[in-house]
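These notes concern the structure reproduced below.
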Amino acid sequence: MNFAIIGASGNVGRKTIEILEKSKISFKELYLVASKKSAGKKIKFREKEIEIENLENYDFSKAQITIFAAGSQIAKEWAPKAASKTIVIDNSSFFRMQKNIPLVVPEVNPEALNNHRNIIANPNCSTIQMVLALKPLHDEYKIKRVIVSTYQAVSGAGKEAMDELFDQAKNFLDKKKIVPKNFTKQIAFNLIPHIDLFDKDGYTKEELKMTNETKKILDNKIEVTATCVRVPVKSGHSESINIEFEKSYSLKNIIKILDNASGCKVIDDRKDGGYITPLEAENDYTTYISRIRNDNSNAKAINIWVVSDNLLKGAALNTVQIAECLMKKI
Ligand SMILES: NC(=O)c1ccc[n+]([C@@H]2O[C@H](COP(=O)([O-])OP(=O)(O)OC[C@H]3O[C@@H](n4cnc5c(N)ncnc54)[C@H](OP(=O)(O)O)[C@@H]3O)[C@@H](O)[C@H]2O)c1
């Protein structure tokens with residue numbers, strides 16, 4: 001069994017390498033691939049230096065599982081060709097809503113991996129951490145409607161965007177001029193209520209991804225409305241989620257369910273500092289749930305705060321977990 005990562009030099013690609021390095025997954029070779037800009041550079045992996053290959057010249061038959069972390073355009077062009085030679089797990093949004101493509105969070109809908117056709121989509125980072133919390137609640141109380149607002153870290157927009165936050169923060173403190181490049185406005189000491197393109201109804205594509213992907217993964221009947229906001233946090237997405245159930249619930253039972261939710265941990269002390277912030281979730285595989293409380297305007301609803309490392313469970317970790325599920329079937 002060999003692995004390959006397309007987009008190995010990027011934020012998600014590098015995290016995927018780190019996870020594979022720490023994991024107990026047994027495989028022989030790891031192939032690292034990126035654009036010609038990175039070809040020839042070396043990345044250390046398990047005592048070896050692996051040279052990054054240029055995608056244009058890469059032979060997809062070298063690995064049985066290939067993780068794509070290079071964006072939608074690369075996935076669109078290369079994943080269908082690759083899929084005749086390898087199983088593709090793609091981080092981009094390109095295949096997510098296509099009918100015969102499984103969209104998988106292993107703790108939530110592993111059965112979707114049955115009968116895949118060699119392309120599997122990894123959901124949006126904000127969707128993944130939300131459905132981890134929603135799944136066991138939906139099993140118990142049937143969720144009717146979700147209202148979510150996100151506070152998304154700059155690392156979710158790629159490595160150049162992450163560097164832009166650092167540069168802008170430095171320039172701001174040095175009283176130098178700030179010219180936004182990857183963001184539409186200044187992100188340092190600010191926030192931007194806009195991620196991805198606008199559609200005709202005024203929602204952004206990021207917001208629609210949360211709605212549509214949650215329905216595909218969990219249940220088409222759940223109504224979801226989202227507001228996605230970019231915040232000047234390096235890594236770790238946070239979400240304020242209002243969840244309305246079909247029936248009445250017990251808050252004690254909700255806390256118990258969330259604490260037992262696969263991949264999640266409740267930290268909710270109802271006192272100063274008794275909750276999780278994105279900085280504390282960085283480099284952690286766990287999705288944290290805090291601020292669990294009754295919605296005091298609706299007897300069938302609750303409010304929760306969910307935080308997870310967007311580069312880990314939101315991307316790299318989820319793809320590696322999908323790969324592990326597939327390896328059990330191969
Ligand atoms: N960041 C997140 O939180 C997150 C979460 C979920 C999903 N995703 C998705 O994961 C994907 C990667 O995101 P990222 O944040 O890692 O982006 P990134 O840091 O900008 O990295 C992009 C990667 O793609 C490679 N690439 C770009 N153009 C290429 C080309 N023409 N041929 C071959 N390789 C090329 C880059 O290689 P070079 O360095 O050689 O240019 C780099 O390795 C995106 O689809 C993103 O939407 C990201």
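The way I read the labels, and the way they are meant: chains A, B, ... in the order of the structure tokens, residue 1 as the first residue of every chain, and ligand 1 as the first ligand shown, with later ones counted on from there.
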
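For A:Tyr249, the set of protein, DNA and RNA residues having any atom at most 8 Å away, when counting only C-alpha atoms and skipping those fewer than 4 positions along the same chain, is A:Tyr141, A:Phe245, A:Asn253, A:Ile254, A:Lys300.
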
message: At a cut-off of 6 Å around ligand 1, and using only C-alpha atoms and all ligand atoms, what residues come up? Please write them as a PyMOL selection string.
response: chain A and resi 7-13+34-38+55+69-72+91-92+124-125+155-159+310-311+314-315

Just C-alpha atoms for this one: save the residues we selected as a PDB file, in the first residue's frame.
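Result file selection30.pdb:
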ATOM      1  CA  GLY A   7      -0.786  19.734  -2.947  1.00  0.00           C
ATOM      2  CA  ALA A   8       1.785  18.462  -0.450  1.00  0.00           C
ATOM      3  CA  SER A   9       3.396  21.903  -0.001  1.00  0.00           C
ATOM      4  CA  GLY A  10       0.145  23.633   1.051  1.00  0.00           C
ATOM      5  CA  ASN A  11      -1.523  24.076   4.440  1.00  0.00           C
ATOM      6  CA  VAL A  12      -3.673  20.951   4.222  1.00  0.00           C
ATOM      7  CA  GLY A  13      -0.995  18.906   2.450  1.00  0.00           C
ATOM      8  CA  ALA A  34       2.642  19.890  -6.065  1.00  0.00           C
ATOM      9  CA  SER A  35       3.100  22.469  -8.816  1.00  0.00           C
ATOM     10  CA  LYS A  36       6.339  23.008 -10.679  1.00  0.00           C
ATOM     11  CA  LYS A  37       7.046  25.867  -8.244  1.00  0.00           C
ATOM     12  CA  SER A  38       7.631  23.337  -5.433  1.00  0.00           C
ATOM     13  CA  LEU A  55       1.928  17.092 -10.927  1.00  0.00           C
ATOM     14  CA  ALA A  69      -5.296  19.069  -1.387  1.00  0.00           C
ATOM     15  CA  ALA A  70      -4.742  21.443  -4.285  1.00  0.00           C
ATOM     16  CA  GLY A  71      -8.075  23.206  -4.830  1.00  0.00           C
ATOM     17  CA  SER A  72     -11.100  22.751  -7.080  1.00  0.00           C
ATOM     18  CA  ASN A  91     -10.418  18.146  -0.077  1.00  0.00           C
ATOM     19  CA  SER A  92     -11.910  20.620  -2.536  1.00  0.00           C
ATOM     20  CA  ASN A 124     -16.101  21.643   4.046  1.00  0.00           C
ATOM     21  CA  CYS A 125     -14.192  22.287   7.290  1.00  0.00           C
ATOM     22  CA  SER A 155      -5.565  29.203   7.579  1.00  0.00           C
ATOM     23  CA  GLY A 156      -8.812  28.004   5.986  1.00  0.00           C
ATOM     24  CA  ALA A 157      -8.062  30.287   3.045  1.00  0.00           C
ATOM     25  CA  GLY A 158      -4.635  28.716   2.336  1.00  0.00           C
ATOM     26  CA  LYS A 159      -1.049  29.433   3.254  1.00  0.00           C
ATOM     27  CA  ASN A 310      -9.890  23.441  10.580  1.00  0.00           C
ATOM     28  CA  LEU A 311      -6.683  22.027   9.099  1.00  0.00           C
ATOM     29  CA  GLY A 314     -11.711  20.112   9.132  1.00  0.00           C
ATOM     30  CA  ALA A 315      -9.440  18.742   6.403  1.00  0.00           C
TER      31      ALA A 315
END

- request: Would you list the contacts of A:Ala39 as a list in words, taking every protein, DNA or RNA residue within 6 Å and counting only C-alpha atoms, but skipping same-chain residues closer than 4 positions in sequence?
  value: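 In the requested format, the answer is Ile52, Glu53 and Asn54 of chain A.
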
message: Quick check, in Å to one decimal: how far apart do atom CA of A:Ile143 and atom CA of A:Lys247 lie?
response: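 So the answer is 8.6 Å.
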
Quick one: everything within 7 Å of A:Asn303, counting only C-alpha atoms, minus sequence neighbours fewer than 4 positions away in the same chain. Send it as a short mmCIF file (atom, residue, chain, number, x, y, z; two decimals) with N, CA, C and O atoms, in the first residue's frame.
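Once everything was written out, this is result-v4.cif:
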data_model
loop_
_atom_site.label_atom_id
_atom_site.label_comp_id
_atom_site.auth_asym_id
_atom_site.auth_seq_id
_atom_site.Cartn_x
_atom_site.Cartn_y
_atom_site.Cartn_z
N ILE A 241 -23.95 27.71 17.32
CA ILE A 241 -25.00 26.94 16.63
C ILE A 241 -26.27 26.91 17.47
O ILE A 241 -26.25 26.52 18.65
N ASN A 242 -27.37 27.31 16.86
CA ASN A 242 -28.69 27.18 17.48
C ASN A 242 -29.38 25.99 16.82
O ASN A 242 -29.50 25.93 15.60
N ILE A 243 -29.81 25.03 17.66
CA ILE A 243 -30.38 23.78 17.12
C ILE A 243 -31.81 23.62 17.64
O ILE A 243 -32.03 23.58 18.85
N ILE A 292 -23.09 25.11 26.31
CA ILE A 292 -24.33 24.37 26.02
C ILE A 292 -25.43 24.94 26.91
O ILE A 292 -25.31 24.93 28.14
N ARG A 293 -26.50 25.44 26.29
CA ARG A 293 -27.56 26.04 27.11
C ARG A 293 -28.90 26.02 26.39
O ARG A 293 -28.96 25.89 25.16
N ASN A 294 -29.97 26.15 27.19
CA ASN A 294 -31.31 26.25 26.60
C ASN A 294 -31.39 27.52 25.78
O ASN A 294 -30.81 28.54 26.14
N ASP A 295 -32.15 27.47 24.69
CA ASP A 295 -32.50 28.71 23.96
C ASP A 295 -33.67 29.30 24.74
O ASP A 295 -34.76 28.73 24.75
#

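Every residue of stretch 148-278 of chain A with a DSSP assignment of strand (DSSP E), taken from the backbone, is listed as Val148, Ser149, Thr150, Tyr151, Gln152, Glu223, Val224, Thr225, Ala226, Thr227, Cys228, Val229, Arg230, His237, Ser238, Glu239, Ser240, Ile241, Asn242, Ile243, Glu244, Phe245, Cys264, Lys265 and Val266 of chain A.
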
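Residues with any atom within 10 Å of A:Ile25, counting only C-alpha atoms and excluding same-chain neighbours fewer than 3 positions away, are A:Ile19, A:Leu20, A:Glu21, A:Lys22, A:Lys28, A:Val320, A:Ala323, A:Glu324, A:Met327.
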
Write the residues of the selection above to a file with N, CA and C atoms, as a tab-separated table (two decimals), in the first residue's frame.
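result_36.tsv was written with the following content:
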chain	number	residue	atom	x	y	z
A	19	ILE	N	0.14	14.18	10.03
A	19	ILE	CA	-0.76	13.16	10.60
A	19	ILE	C	-0.27	11.76	10.22
A	20	LEU	N	0.12	11.60	8.96
A	20	LEU	CA	0.62	10.28	8.53
A	20	LEU	C	1.89	9.91	9.29
A	21	GLU	N	2.72	10.92	9.55
A	21	GLU	CA	3.97	10.70	10.30
A	21	GLU	C	3.66	10.13	11.69
A	22	LYS	N	2.63	10.72	12.34
A	22	LYS	CA	2.31	10.29	13.72
A	22	LYS	C	1.46	9.02	13.75
A	28	LYS	N	3.85	1.66	2.56
A	28	LYS	CA	5.25	1.54	2.15
A	28	LYS	C	5.81	2.90	1.74
A	320	VAL	N	-7.49	11.43	6.25
A	320	VAL	CA	-6.71	10.26	6.68
A	320	VAL	C	-7.65	9.23	7.32
A	323	ALA	N	-9.26	7.42	4.62
A	323	ALA	CA	-8.29	6.46	4.05
A	323	ALA	C	-8.22	5.20	4.93
A	324	GLU	N	-8.22	5.39	6.24
A	324	GLU	CA	-8.17	4.23	7.15
A	324	GLU	C	-9.39	3.34	6.95
A	327	MET	N	-8.92	1.42	3.79
A	327	MET	CA	-7.89	0.38	3.88
A	327	MET	C	-8.44	-0.89	4.51
